[in-house]
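One structure is given here, and the rest of the page talks about it.
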Amino acid sequence: MAEKIKTGVIGCGKVGDFHARSFARLKESEFTAVYSRNFDRARAFAEKYGVKATRSIEEMAVMGVEAVSICTPHPNHAGPAVAALEAGMHVLVEKPFASTLRDCDRILDAARKAGKTAGAVCQRRFYAPCLRIREAIDAGKIGTPALGTVIMHGWRDEAYYGSDAWRGEWAGEGGGVLVNQAPHQIDLLLWYMGEVDSLYGFEANLNHAYIEVEDTAAASMRFKNGAIGNIVVSNSQNPALYGKVRVFGSNGASLGVKTDGGQMFIAGMTSITEPPVNDIWTVPGEEQYLETWVQEDSDFFNSVDSTYYFHDRQIENFLRSLSGSEKLLIPGEEGRRTVELFTAIYRSTALGEAIKFPLAPDDMDARRTAPRFRG
């Protein structure tokens with residue numbers, strides 16, 4: 001593979017702009033082409049970046065594009081990802097990796113057959129306070145993880161759901177808060193805690209009568225290592241705007257990160273207003289470091305273009321992994337784990353029972369395209 005990797009973007013919406021900006025400025029990338037089912041949209045997007053608008057994914061491959069980002073709406077990730085892999089390109093798929101397990105497995109199977117890389121976007125893993133927690137767990141500073149929690153309270157108004165035609169619909173969005181807003185925090189919980197053994201969950205629409213999908217979900221789970229966990233995520237809490245992930249160890253120590261605050265980040269619509277920081281840290285002998293870390297992380301946040309910086313870092317890692325200079329930090333299999341967890345919550349709600357892991361694709365998942373999926 002050449003020193004500069006020829007790159008492209010599939011899906012020319014708000015998130016596509018994030019990837020295009022990264023591909024345009026990273027030294028590992030030669031940004032080459034874009035594709036959208038709407039050619040006029042692709043052409044306008046391409047003109048902005050001085051690249052080629054193509055009429056097909058295959059045309060991108062003919063142009064020599066080696067790696068693409070998949071930035072289409074969630075239920076439409078698998079189709080273009082598989083097509084790109086079969087055409088000989090590596091893929092980096094925006095969160096969530098897909099909206100169903102069947103689509104996840106289609107992408108991963110295509111990558112294996114083609115001998116290509118499929119990566120999943122979870123850029124919050126690159127936040128310093130999130131990395132600090134993982135490093136503390138790996139170093140045994142909390143004993144073993146015994147309890148993990150996610151709380152994410154946010155608000156989405158009618159203007160938000162009207163900003164794109166696909167928002168708020170099962171067929172267009174693939175789900176609500178579980179599929180669109182919570183994957184980042186769910187990913188961190190799974191990264192810290194390990195494999196899930198079983199889960200009991202609920203999802204509901206509390207105060208958004210004009211959308212089909214859930215605005216709130218909760219679940220309790222047991223991990224295979226014996227630890228327990230819970231999540232509470234919501235788009236129905238106004239103005240409670242924050243996301244927090246916490247891990248409690250067998251030695252009584254507590255670690256936490258506030259990943260989001262101030263206002264909920266919406267790609268192409270809002271900016272990140274508050275820095276991610278560790279909000280609790282009781283590792284024996286390290287309690288006094290918390291104030292320093294908060295200041296350091298806040299200073300760094302304010303020194304970079306935080307809206308784009310962490311996408312840059314993840315895309316940089318993806319490209320460097322293709323040239324062999326770095327290990328791919330978030331392979332597609334990691335993205336599937338988040339989809340597995342929110343799928344378990346949907347199934348648990350429908351069946352009224354605990355769900356055992358691992359999960360396999362099921363025809364029940366396709367029912368989420370129907371507005372009345374509630375079991």
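By order in the structure tokens, chains are A, B, ...; within a chain, residues start at 1; ligands start at 1, following the order shown.
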
- Item | A:Ile211 surroundings by only C-alpha atoms, 10 Å radius, close-in-sequence under 6 positions cut, as a count of residues only | 10

Contacts of A:Asn278 within 8 Å, only C-alpha atoms, excl. fewer than 2 positions in-chain, as a short mmCIF file (atom, residue, chain, number, x, y, z; two decimals) with C-alpha atoms, in the first residue's frame:
```cif
data_model
loop_
_atom_site.label_atom_id
_atom_site.label_comp_id
_atom_site.auth_asym_id
_atom_site.auth_seq_id
_atom_site.Cartn_x
_atom_site.Cartn_y
_atom_site.Cartn_z
CA PRO A 129 -9.94 10.49 30.87
CA CYS A 130 -11.43 7.43 29.15
CA LEU A 255 -13.30 5.45 38.52
CA GLY A 256 -15.52 7.74 36.48
CA VAL A 257 -15.64 9.88 33.37
CA LYS A 258 -18.13 12.53 32.38
CA PRO A 276 -14.58 15.24 29.06
CA ILE A 280 -14.41 10.50 40.39
CA TRP A 281 -11.11 8.75 41.13
CA LEU A 290 -7.99 14.18 40.16
CA TRP A 293 -6.07 15.78 35.65
CA VAL A 294 -9.28 17.77 35.33
#
```

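Remark: for A:Thr307, the closest of the candidate residues A:Lys6, A:His19, A:Lys327, A:Lys141 is A:His19 (distances computed over only C-alpha atoms).
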
- Query: With distances taken over only C-alpha atoms, which of A:Pro145, A:Gly249, A:Gly140, A:Gly119 is nearest to A:Leu328?
  - Reply: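 That would be A:Gly119, the residue with the smallest distance to A:Leu328.
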
- Task: Based on DSSP run over this structure's backbone, return all residues of stretch 139-229 of chain A in strand (DSSP E or B), as a list of chain:residue names.
- Result: A:Pro145, A:Ala146, A:Leu147, A:Gly148, A:Thr149, A:Val150, A:Ile151, A:Met152, A:His153, A:Trp155, A:Val196, A:Asp197, A:Ser198, A:Leu199, A:Tyr200, A:Gly201, A:Phe202, A:Glu203, A:Ala204, A:Thr216, A:Ala217, A:Ala218, A:Ala219, A:Ser220, A:Met221, A:Arg222, A:Phe223, A:Ile228, A:Gly229

- Item | Close residues, stretch 356-364 of chain A itself excluded, 10 Å, only C-alpha atoms, min 6 positions apart in chain, as an MDAnalysis selection string | chainID A and resid 100:105 195:200 221:224 337 339:341 343:344 346:348 350 373 375

- Message: Please report the interatomic distance between atom CA of A:His90 and atom CA of A:Glu66 in Å with one decimal.
- Response: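 Computing the Euclidean distance for atom CA of A:His90 and atom CA of A:Glu66 yields 6.3 Å.
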
- Pick out the residues sitting within 8 Å of A:Phe318, and hand them over as a PyMOL selection string; count only C-alpha atoms, and ignore anything fewer than 3 positions along from it in its own chain. chain A and resi 92+119+314-315+321-322+328-329

Could you save the residues just selected, with C-alpha atoms, as a compact mmCIF listing (two decimals), in the first residue's frame?
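Saved as out-v2.txt:
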```
# COMPACT_ATOMS: atom_id res chain seq x y z
CA LEU A 92 -14.43 2.48 8.70
CA GLY A 119 -13.18 -0.67 11.74
CA GLN A 314 -9.47 7.64 15.29
CA ILE A 315 -9.27 8.01 11.52
CA SER A 321 -3.24 0.35 10.84
CA LEU A 322 -3.65 -0.20 7.10
CA LEU A 328 -6.18 -1.02 14.81
CA LEU A 329 -7.62 0.03 18.16
```

- Query: Given the choices A:Asp187, A:Glu291, A:Glu3, A:Glu58, which gets closest to A:Glu28 if the distance is worked out from only C-alpha atoms?
  - Reply: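 When distances to A:Glu28 are compared using only C-alpha atoms, the smallest one comes from A:Glu3.
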
- Quick one: DSSP alpha helix (DSSP H) residues in stretch 215-297 of chain A, as an NGL selection string? :A and (290-297)

What would the file look like if the residues just selected were written as a PDB file, in the first residue's frame with N, CA and C atoms?
```
ATOM      1  N   LEU A 290      -6.772  13.885  40.938  1.00  0.00           N
ATOM      2  CA  LEU A 290      -7.986  14.177  40.163  1.00  0.00           C
ATOM      3  C   LEU A 290      -8.053  15.646  39.757  1.00  0.00           C
ATOM      4  N   GLU A 291      -7.820  16.552  40.671  1.00  0.00           N
ATOM      5  CA  GLU A 291      -7.918  17.976  40.358  1.00  0.00           C
ATOM      6  C   GLU A 291      -6.926  18.372  39.267  1.00  0.00           C
ATOM      7  N   THR A 292      -5.728  17.822  39.326  1.00  0.00           N
ATOM      8  CA  THR A 292      -4.709  18.121  38.312  1.00  0.00           C
ATOM      9  C   THR A 292      -5.138  17.597  36.954  1.00  0.00           C
ATOM     10  N   TRP A 293      -5.650  16.355  36.934  1.00  0.00           N
ATOM     11  CA  TRP A 293      -6.075  15.778  35.651  1.00  0.00           C
ATOM     12  C   TRP A 293      -7.222  16.572  35.036  1.00  0.00           C
ATOM     13  N   VAL A 294      -8.161  16.984  35.851  1.00  0.00           N
ATOM     14  CA  VAL A 294      -9.282  17.772  35.333  1.00  0.00           C
ATOM     15  C   VAL A 294      -8.766  19.049  34.685  1.00  0.00           C
ATOM     16  N   GLN A 295      -7.812  19.708  35.330  1.00  0.00           N
ATOM     17  CA  GLN A 295      -7.259  20.939  34.770  1.00  0.00           C
ATOM     18  C   GLN A 295      -6.485  20.659  33.490  1.00  0.00           C
ATOM     19  N   GLU A 296      -5.652  19.613  33.505  1.00  0.00           N
ATOM     20  CA  GLU A 296      -4.870  19.282  32.314  1.00  0.00           C
ATOM     21  C   GLU A 296      -5.773  18.910  31.143  1.00  0.00           C
ATOM     22  N   ASP A 297      -6.775  18.083  31.400  1.00  0.00           N
ATOM     23  CA  ASP A 297      -7.664  17.647  30.324  1.00  0.00           C
ATOM     24  C   ASP A 297      -8.496  18.810  29.797  1.00  0.00           C
TER      25      ASP A 297
END
```

- Go through A:Glu334, A:Asp299, A:Glu135, A:Asp109 and flag the residue nearest A:Gly194, using only C-alpha atoms for the distances.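 When distances to A:Gly194 are compared using only C-alpha atoms, the smallest one comes from A:Glu334.
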
- Do a neighbour search on stretch 238-247 of chain A at 10 Å with only C-alpha atoms, toss out local chain neighbours closer than 2 positions, and write the hits as a count of residues only. 56

- In terms of the shortest atom-to-atom distance over only C-alpha atoms, which of A:Pro183, A:Gly352, A:Gly143, A:Gly8 is closest to A:Met89?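 Of the candidates, the smallest distance to A:Met89 is held by A:Gly8.
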
- Task: Determine, counting only C-alpha atoms, which protein, DNA and RNA residues have an atom within 9 Å of an atom of A:Leu206; residues of the same chain fewer than 3 positions away are not included. Present the result as a PyMOL selection string.
- Result: chain A and resi 209+214-216+236

Keeping N, CA and C atoms, export the residues of the selection given above as a PDB file, in the first residue's frame.
```pdb
ATOM      1  N   ALA A 209     -44.233  11.972  21.311  1.00  0.00           N
ATOM      2  CA  ALA A 209     -45.329  11.296  20.607  1.00  0.00           C
ATOM      3  C   ALA A 209     -45.201  11.380  19.096  1.00  0.00           C
ATOM      4  N   GLU A 214     -37.801   4.657  20.543  1.00  0.00           N
ATOM      5  CA  GLU A 214     -37.717   4.904  21.978  1.00  0.00           C
ATOM      6  C   GLU A 214     -36.912   6.171  22.272  1.00  0.00           C
ATOM      7  N   ASP A 215     -37.309   6.863  23.342  1.00  0.00           N
ATOM      8  CA  ASP A 215     -36.491   7.980  23.811  1.00  0.00           C
ATOM      9  C   ASP A 215     -35.810   7.676  25.148  1.00  0.00           C
ATOM     10  N   THR A 216     -36.095   6.496  25.719  1.00  0.00           N
ATOM     11  CA  THR A 216     -35.551   6.142  27.025  1.00  0.00           C
ATOM     12  C   THR A 216     -35.354   4.635  27.104  1.00  0.00           C
ATOM     13  N   SER A 236     -35.279  12.171  26.869  1.00  0.00           N
ATOM     14  CA  SER A 236     -36.535  12.781  27.304  1.00  0.00           C
ATOM     15  C   SER A 236     -36.379  13.647  28.545  1.00  0.00           C
TER      16      SER A 236
END
```

- Looking at only C-alpha atoms, which of A:Ala24, A:Ala78, A:Ile57, A:Val93 is the one that sits closest to A:Arg37?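 Ranked by minimum distance to A:Arg37, first place goes to A:Ile57.
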